[in-house]
Amino acid sequence: MEKKEYNTLIAVLGWEDRFYEGIKSDLESYSFQQLIILRYQECDDLTIKSRELIEDICVKNEIELKYLKISDLDTVDKWKVFDSYFSNEDNVGKKVLLEISTMPRDTIWSLLYFLNSLNISIDYIYHTPKSYNTDWLSKEPGKPRLLFKHSGISKLGIQTALIILTGFETERTKQLVHFFEPKLTYLGVQKGNQFNNEIRNAENHELIKGYTETKEFELDAYTDDNGYSSIKNQIDELKSNYNVIVASLGPKPASIAMYKAFLNNPEIALAYVPAKEFNKEYSSGIDTKIFGMFK
């Protein structure tokens, strides 16, 4: 079968199995001339083996490899790096594939912002792992941040509503609620019981009980719209009476849907929560592939 062709594949250097195995799988279905790897300085000790593997596969397949070094501790500089590089079509070409499997959600949104402004073709791919660590995934969530140029339009005199697409990092959900102190919080939960999903969703409710009024809604990040219609319905319900802040902690494809919802509702704000420490055994293996087209 003929491979779909792209100028550039963009990924974030990760230590999970699905970073290297995902890109290896991508090469079987897609061709690209260039691989841009975003390299977080804070994770350099975790990604030594990944760098060796990815450099070897690029040499064997005659793919140009470029690293862009960034830091999650300096958000201004990170934004400037993205602005400098991804605002120039000559650096990426007319067709880009985003490998979002190990990509932080704020990075997904930042890349969509810059690449979308170039009016180029953007597709994305996500590989689920076979399993997640059942002990912990991240520790010490930091101060929640609003994404640059995506902080919404606050209306004076009305209260805040928070929409969180929950995942398995319950402390990050709690951090969002404690920081923004919303009147109302909508928790978007992924359908099904994969990875003990239902049990972990219940943990999110218990952590924030008593701090905010809550409502739960379901979405499915693995459908064609990645949960867009469910997210849109909640925003439509809230935006007239609240300042709405949205955050995504669930499956990465839902982050794409959330960004599309933002583009149609620029008065809402996009928020994310950094973490100081990630489990070296965050996930294992590689399983289902999700492919989608942003535009």
# chains A, B, ... in the order shown; residues from 1 in each chain; ligands from 1
>>> closest_atom_pairs(of="region 95-136 of chain A", to="region 225-236 of chain A", cutoff="12 Å", atoms="only C-alpha atoms", output="tab-separated table")
residue	atom	partner	partner_atom	distance
A:Tyr124	CA	A:Asn226	CA	11.7
A:Ile125	CA	A:Asn226	CA	11.9
A:Tyr126	CA	A:Asn226	CA	11.4
>>> residues_around(residues="region 72-78 of chain A", least_positions_apart="2", cutoff="12 Å", atoms="only C-alpha atoms", output="JSON list (two decimals) with N, CA and C atoms, in the first residue's frame")
[["chain", "number", "residue", "atom", "x", "y", "z"],
["A", 38, "LEU", "N", 10.96, 17.85, 19.74],
["A", 38, "LEU", "CA", 10.99, 18.83, 20.81],
["A", 38, "LEU", "C", 11.58, 18.15, 22.04],
["A", 39, "ARG", "N", 12.64, 18.72, 22.55],
["A", 39, "ARG", "CA", 13.42, 18.06, 23.61],
["A", 39, "ARG", "C", 13.35, 18.90, 24.89],
["A", 40, "TYR", "N", 12.56, 18.42, 25.85],
["A", 40, "TYR", "CA", 12.44, 19.11, 27.13],
["A", 40, "TYR", "C", 13.69, 18.86, 27.97],
["A", 41, "GLN", "N", 14.35, 19.95, 28.38],
["A", 41, "GLN", "CA", 15.60, 19.83, 29.13],
["A", 41, "GLN", "C", 15.40, 19.07, 30.44],
["A", 42, "GLU", "N", 14.22, 19.22, 31.06],
["A", 42, "GLU", "CA", 13.96, 18.59, 32.35],
["A", 42, "GLU", "C", 13.93, 17.06, 32.25],
["A", 43, "CYS", "N", 13.77, 16.54, 31.04],
["A", 43, "CYS", "CA", 13.62, 15.08, 30.86],
["A", 43, "CYS", "C", 14.85, 14.44, 30.24],
["A", 68, "LEU", "N", 14.75, 20.62, 18.82],
["A", 68, "LEU", "CA", 14.51, 21.95, 19.35],
["A", 68, "LEU", "C", 14.46, 21.83, 20.86],
["A", 69, "LYS", "N", 15.43, 22.42, 21.54],
["A", 69, "LYS", "CA", 15.49, 22.32, 23.00],
["A", 69, "LYS", "C", 14.59, 23.37, 23.64],
["A", 70, "ILE", "N", 13.77, 22.92, 24.58],
["A", 70, "ILE", "CA", 12.86, 23.81, 25.27],
["A", 70, "ILE", "C", 12.84, 23.43, 26.75],
["A", 80, "LYS", "N", 8.61, 31.58, 22.53],
["A", 80, "LYS", "CA", 9.45, 32.28, 21.55],
["A", 80, "LYS", "C", 10.11, 31.29, 20.59],
["A", 81, "VAL", "N", 10.54, 30.14, 21.12],
["A", 81, "VAL", "CA", 11.13, 29.10, 20.26],
["A", 81, "VAL", "C", 10.11, 28.63, 19.23],
["A", 82, "PHE", "N", 8.90, 28.36, 19.70],
["A", 82, "PHE", "CA", 7.84, 27.94, 18.78],
["A", 82, "PHE", "C", 7.53, 29.03, 17.75],
["A", 83, "ASP", "N", 7.44, 30.25, 18.22],
["A", 83, "ASP", "CA", 7.12, 31.37, 17.34],
["A", 83, "ASP", "C", 8.19, 31.53, 16.26],
["A", 84, "SER", "N", 9.44, 31.42, 16.67],
["A", 84, "SER", "CA", 10.55, 31.60, 15.73],
["A", 84, "SER", "C", 10.59, 30.50, 14.67],
["A", 85, "TYR", "N", 10.33, 29.26, 15.11],
["A", 85, "TYR", "CA", 10.50, 28.15, 14.18],
["A", 85, "TYR", "C", 9.23, 27.79, 13.44],
["A", 86, "PHE", "N", 8.11, 27.70, 14.13],
["A", 86, "PHE", "CA", 6.90, 27.17, 13.52],
["A", 86, "PHE", "C", 6.01, 28.24, 12.88],
["A", 104, "PRO", "N", 2.92, 16.90, 25.55],
["A", 104, "PRO", "CA", 2.10, 17.62, 26.54],
["A", 104, "PRO", "C", 1.00, 18.40, 25.85],
["A", 106, "ASP", "N", -0.34, 21.35, 26.39],
["A", 106, "ASP", "CA", -0.08, 22.76, 26.05],
["A", 106, "ASP", "C", 0.78, 22.88, 24.81],
["A", 107, "THR", "N", 1.66, 21.88, 24.59],
["A", 107, "THR", "CA", 2.48, 21.88, 23.38],
["A", 107, "THR", "C", 1.64, 21.56, 22.16],
["A", 110, "SER", "N", -0.10, 24.81, 21.39],
["A", 110, "SER", "CA", 0.82, 25.82, 20.86],
["A", 110, "SER", "C", 1.17, 25.53, 19.41],
["A", 111, "LEU", "N", 1.46, 24.26, 19.11],
["A", 111, "LEU", "CA", 1.79, 23.90, 17.73],
["A", 111, "LEU", "C", 0.60, 24.11, 16.80],
["A", 142, "GLY", "N", 2.22, 21.62, 39.38],
["A", 142, "GLY", "CA", 2.58, 23.02, 39.59],
["A", 142, "GLY", "C", 1.38, 23.94, 39.50],
["A", 143, "LYS", "N", 1.67, 25.21, 39.49],
["A", 143, "LYS", "CA", 0.64, 26.24, 39.39],
["A", 143, "LYS", "C", 0.00, 26.19, 38.00],
["A", 145, "ARG", "N", -1.61, 27.16, 34.51],
["A", 145, "ARG", "CA", -1.29, 28.28, 33.62],
["A", 145, "ARG", "C", -2.34, 28.40, 32.53],
["A", 146, "LEU", "N", -2.55, 29.63, 32.10],
["A", 146, "LEU", "CA", -3.35, 29.86, 30.90],
["A", 146, "LEU", "C", -2.39, 29.94, 29.73],
["A", 147, "LEU", "N", -2.76, 29.33, 28.62],
["A", 147, "LEU", "CA", -1.90, 29.32, 27.45],
["A", 147, "LEU", "C", -1.81, 30.73, 26.86],
["A", 148, "PHE", "N", -0.59, 31.13, 26.46],
["A", 148, "PHE", "CA", -0.41, 32.43, 25.82],
["A", 148, "PHE", "C", -1.38, 32.59, 24.64],
["A", 149, "LYS", "N", -1.97, 33.77, 24.53],
["A", 149, "LYS", "CA", -2.90, 34.13, 23.46],
["A", 149, "LYS", "C", -4.17, 33.28, 23.45],
["A", 272, "TYR", "N", -3.69, 24.61, 31.57],
["A", 272, "TYR", "CA", -3.00, 23.34, 31.74],
["A", 272, "TYR", "C", -2.20, 23.36, 33.04],
["A", 273, "VAL", "N", -1.84, 22.17, 33.50],
["A", 273, "VAL", "CA", -1.14, 22.03, 34.78],
["A", 273, "VAL", "C", 0.18, 21.30, 34.55],
["A", 274, "PRO", "N", 1.31, 21.96, 34.79],
["A", 274, "PRO", "CA", 2.58, 21.26, 34.68],
["A", 274, "PRO", "C", 2.79, 20.34, 35.89],
["A", 275, "ALA", "N", 3.73, 19.43, 35.78],
["A", 275, "ALA", "CA", 4.08, 18.55, 36.90],
["A", 275, "ALA", "C", 5.60, 18.53, 37.03],
["A", 276, "LYS", "N", 6.08, 18.42, 38.28],
["A", 276, "LYS", "CA", 7.51, 18.46, 38.52],
["A", 276, "LYS", "C", 8.19, 17.11, 38.33],
["A", 277, "GLU", "N", 7.42, 16.03, 38.44],
["A", 277, "GLU", "CA", 8.02, 14.70, 38.35],
["A", 277, "GLU", "C", 7.08, 13.73, 37.64]]
>>> closest_residue(among="A:Gly152, A:Phe291, A:Thr160, A:Thr173", to="Ala221 (chain A)", atoms="only C-alpha atoms")
A:Phe291
>>> closest_residue(among="A:Lys94, A:Arg51, A:Lys24, A:Lys209", to="Asn7 (chain A)", atoms="only C-alpha atoms")
A:Lys94
>>> closest_residue(among="A:Leu263, A:Leu176, A:Leu165, A:Met103", to="Gly250 (chain A)", atoms="only C-alpha atoms")
A:Leu165
>>> closest_residue(among="A:Lys260, A:Lys155, A:Lys215, A:Arg18", to="Ile100 (chain A)", atoms="only C-alpha atoms")
A:Arg18
>>> select_by_dssp(residues="region 36-167 of chain A", states="strand (DSSP E or B)", output="PDB file with C-alpha atoms, in the first residue's frame")
ATOM      1  CA  ILE A  36      11.481  17.576  14.406  1.00  0.00           C
ATOM      2  CA  ILE A  37      11.913  16.454  18.006  1.00  0.00           C
ATOM      3  CA  LEU A  38      10.991  18.833  20.812  1.00  0.00           C
ATOM      4  CA  ARG A  39      13.420  18.065  23.614  1.00  0.00           C
ATOM      5  CA  TYR A  40      12.437  19.113  27.129  1.00  0.00           C
ATOM      6  CA  GLU A  64      16.675  14.652   8.532  1.00  0.00           C
ATOM      7  CA  LEU A  65      16.527  14.966  12.330  1.00  0.00           C
ATOM      8  CA  LYS A  66      16.325  18.285  14.128  1.00  0.00           C
ATOM      9  CA  TYR A  67      16.117  18.861  17.882  1.00  0.00           C
ATOM     10  CA  LEU A  68      14.510  21.955  19.347  1.00  0.00           C
ATOM     11  CA  LYS A  69      15.491  22.325  22.999  1.00  0.00           C
ATOM     12  CA  ILE A  70      12.858  23.814  25.274  1.00  0.00           C
ATOM     13  CA  LYS A  95       2.037  18.884   5.064  1.00  0.00           C
ATOM     14  CA  VAL A  96       2.731  18.182   8.736  1.00  0.00           C
ATOM     15  CA  LEU A  97       1.989  15.122  10.866  1.00  0.00           C
ATOM     16  CA  LEU A  98       1.855  15.637  14.639  1.00  0.00           C
ATOM     17  CA  GLU A  99       2.825  12.600  16.712  1.00  0.00           C
ATOM     18  CA  SER A 121      -2.299  20.569   6.102  1.00  0.00           C
ATOM     19  CA  ILE A 122      -2.142  19.236   9.694  1.00  0.00           C
ATOM     20  CA  ASP A 123      -2.823  15.604  10.576  1.00  0.00           C
ATOM     21  CA  TYR A 124      -2.195  13.918  13.915  1.00  0.00           C
ATOM     22  CA  ILE A 125      -1.591  10.438  15.228  1.00  0.00           C
ATOM     23  CA  TYR A 126      -1.905   8.966  18.713  1.00  0.00           C
ATOM     24  CA  HIS A 127      -0.835   5.560  19.997  1.00  0.00           C
ATOM     25  CA  SER A 131      -1.072  -0.310  30.093  1.00  0.00           C
ATOM     26  CA  TYR A 132      -0.512   2.639  32.426  1.00  0.00           C
ATOM     27  CA  SER A 138       3.034  12.325  37.950  1.00  0.00           C
ATOM     28  CA  LYS A 139       3.774  14.093  41.215  1.00  0.00           C
ATOM     29  CA  GLU A 140       3.824  17.645  42.535  1.00  0.00           C
ATOM     30  CA  PRO A 141       1.537  19.417  40.077  1.00  0.00           C
ATOM     31  CA  ARG A 145      -1.286  28.283  33.621  1.00  0.00           C
ATOM     32  CA  LEU A 146      -3.346  29.857  30.898  1.00  0.00           C
ATOM     33  CA  THR A 160     -16.103  31.022  36.799  1.00  0.00           C
ATOM     34  CA  ALA A 161     -16.990  27.601  35.442  1.00  0.00           C
ATOM     35  CA  LEU A 162     -14.319  24.998  34.872  1.00  0.00           C
ATOM     36  CA  ILE A 163     -14.517  22.182  32.313  1.00  0.00           C
ATOM     37  CA  ILE A 164     -11.919  19.459  32.918  1.00  0.00           C
ATOM     38  CA  LEU A 165     -11.479  16.446  30.683  1.00  0.00           C
TER      39      LEU A 165
END
>>> atom_distance(atom1="CA of Phe179 (chain A)", atom2="CA of Thr166 (chain A)")
16.2 Å
>>> closest_residue(among="A:Tyr211, A:Asn119, A:Lys4, A:Gly157", to="Asn241 (chain A)", atoms="only C-alpha atoms")
A:Gly157
>>> atom_distance(atom1="CA of Thr102 (chain A)", atom2="CA of Ile268 (chain A)")
25.6 Å
>>> closest_residue(among="A:His178, A:Tyr242, A:Ser151, A:Ile48", to="Pro266 (chain A)", atoms="only C-alpha atoms")
A:Ser151
>>> residues_around(residues="Glu267 (chain A)", least_positions_apart="6", cutoff="9 Å", atoms="only C-alpha atoms", output="number ranges by chain")
A: 150-154, 239, 243-244
>>> atom_distance(atom1="CA of Cys58 (chain A)", atom2="CA of Ile23 (chain A)")
10.2 Å
>>> residues_around(residues="Leu35 (chain A)", least_positions_apart="6", cutoff="6 Å", atoms="only C-alpha atoms", output="PyMOL selection string")
chain A and resi 8-10+65
>>> write_last_selection(atoms="N, CA and C atoms", output="JSON list (two decimals), in the first residue's frame")
[["chain", "number", "residue", "atom", "x", "y", "z"],
["A", 8, "THR", "N", 6.96, 16.87, 7.14],
["A", 8, "THR", "CA", 7.55, 16.86, 8.48],
["A", 8, "THR", "C", 6.69, 16.09, 9.48],
["A", 9, "LEU", "N", 7.36, 15.32, 10.33],
["A", 9, "LEU", "CA", 6.74, 14.73, 11.51],
["A", 9, "LEU", "C", 7.28, 15.47, 12.72],
["A", 10, "ILE", "N", 6.39, 15.90, 13.62],
["A", 10, "ILE", "CA", 6.80, 16.62, 14.83],
["A", 10, "ILE", "C", 6.41, 15.78, 16.04],
["A", 65, "LEU", "N", 16.96, 14.84, 10.93],
["A", 65, "LEU", "CA", 16.53, 14.97, 12.33],
["A", 65, "LEU", "C", 16.96, 16.31, 12.89]]
>>> select_by_dssp(residues="region 119-175 of chain A", states="alpha helix (DSSP H)", output="PyMOL selection string")
chain A and resi 170-175
>>> write_last_selection(atoms="N, CA, C and O atoms", output="PDB file, in the first residue's frame")
ATOM      1  N   THR A 170      -5.085  12.410  39.120  1.00  0.00           N
ATOM      2  CA  THR A 170      -6.129  13.043  39.921  1.00  0.00           C
ATOM      3  C   THR A 170      -5.651  14.297  40.652  1.00  0.00           C
ATOM      4  O   THR A 170      -6.431  15.221  40.869  1.00  0.00           O
ATOM      5  N   GLU A 171      -4.374  14.347  41.034  1.00  0.00           N
ATOM      6  CA  GLU A 171      -3.867  15.522  41.745  1.00  0.00           C
ATOM      7  C   GLU A 171      -3.887  16.761  40.856  1.00  0.00           C
ATOM      8  O   GLU A 171      -4.036  17.876  41.350  1.00  0.00           O
ATOM      9  N   ARG A 172      -3.750  16.566  39.563  1.00  0.00           N
ATOM     10  CA  ARG A 172      -3.809  17.708  38.653  1.00  0.00           C
ATOM     11  C   ARG A 172      -5.229  18.265  38.566  1.00  0.00           C
ATOM     12  O   ARG A 172      -5.433  19.473  38.477  1.00  0.00           O
ATOM     13  N   THR A 173      -6.220  17.372  38.589  1.00  0.00           N
ATOM     14  CA  THR A 173      -7.612  17.826  38.633  1.00  0.00           C
ATOM     15  C   THR A 173      -7.857  18.660  39.889  1.00  0.00           C
ATOM     16  O   THR A 173      -8.448  19.745  39.837  1.00  0.00           O
ATOM     17  N   LYS A 174      -7.418  18.142  41.015  1.00  0.00           N
ATOM     18  CA  LYS A 174      -7.572  18.850  42.290  1.00  0.00           C
ATOM     19  C   LYS A 174      -6.877  20.210  42.251  1.00  0.00           C
ATOM     20  O   LYS A 174      -7.420  21.211  42.737  1.00  0.00           O
ATOM     21  N   GLN A 175      -5.697  20.267  41.656  1.00  0.00           N
ATOM     22  CA  GLN A 175      -4.938  21.517  41.582  1.00  0.00           C
ATOM     23  C   GLN A 175      -5.694  22.577  40.784  1.00  0.00           C
ATOM     24  O   GLN A 175      -5.717  23.756  41.145  1.00  0.00           O
TER      25      GLN A 175
END
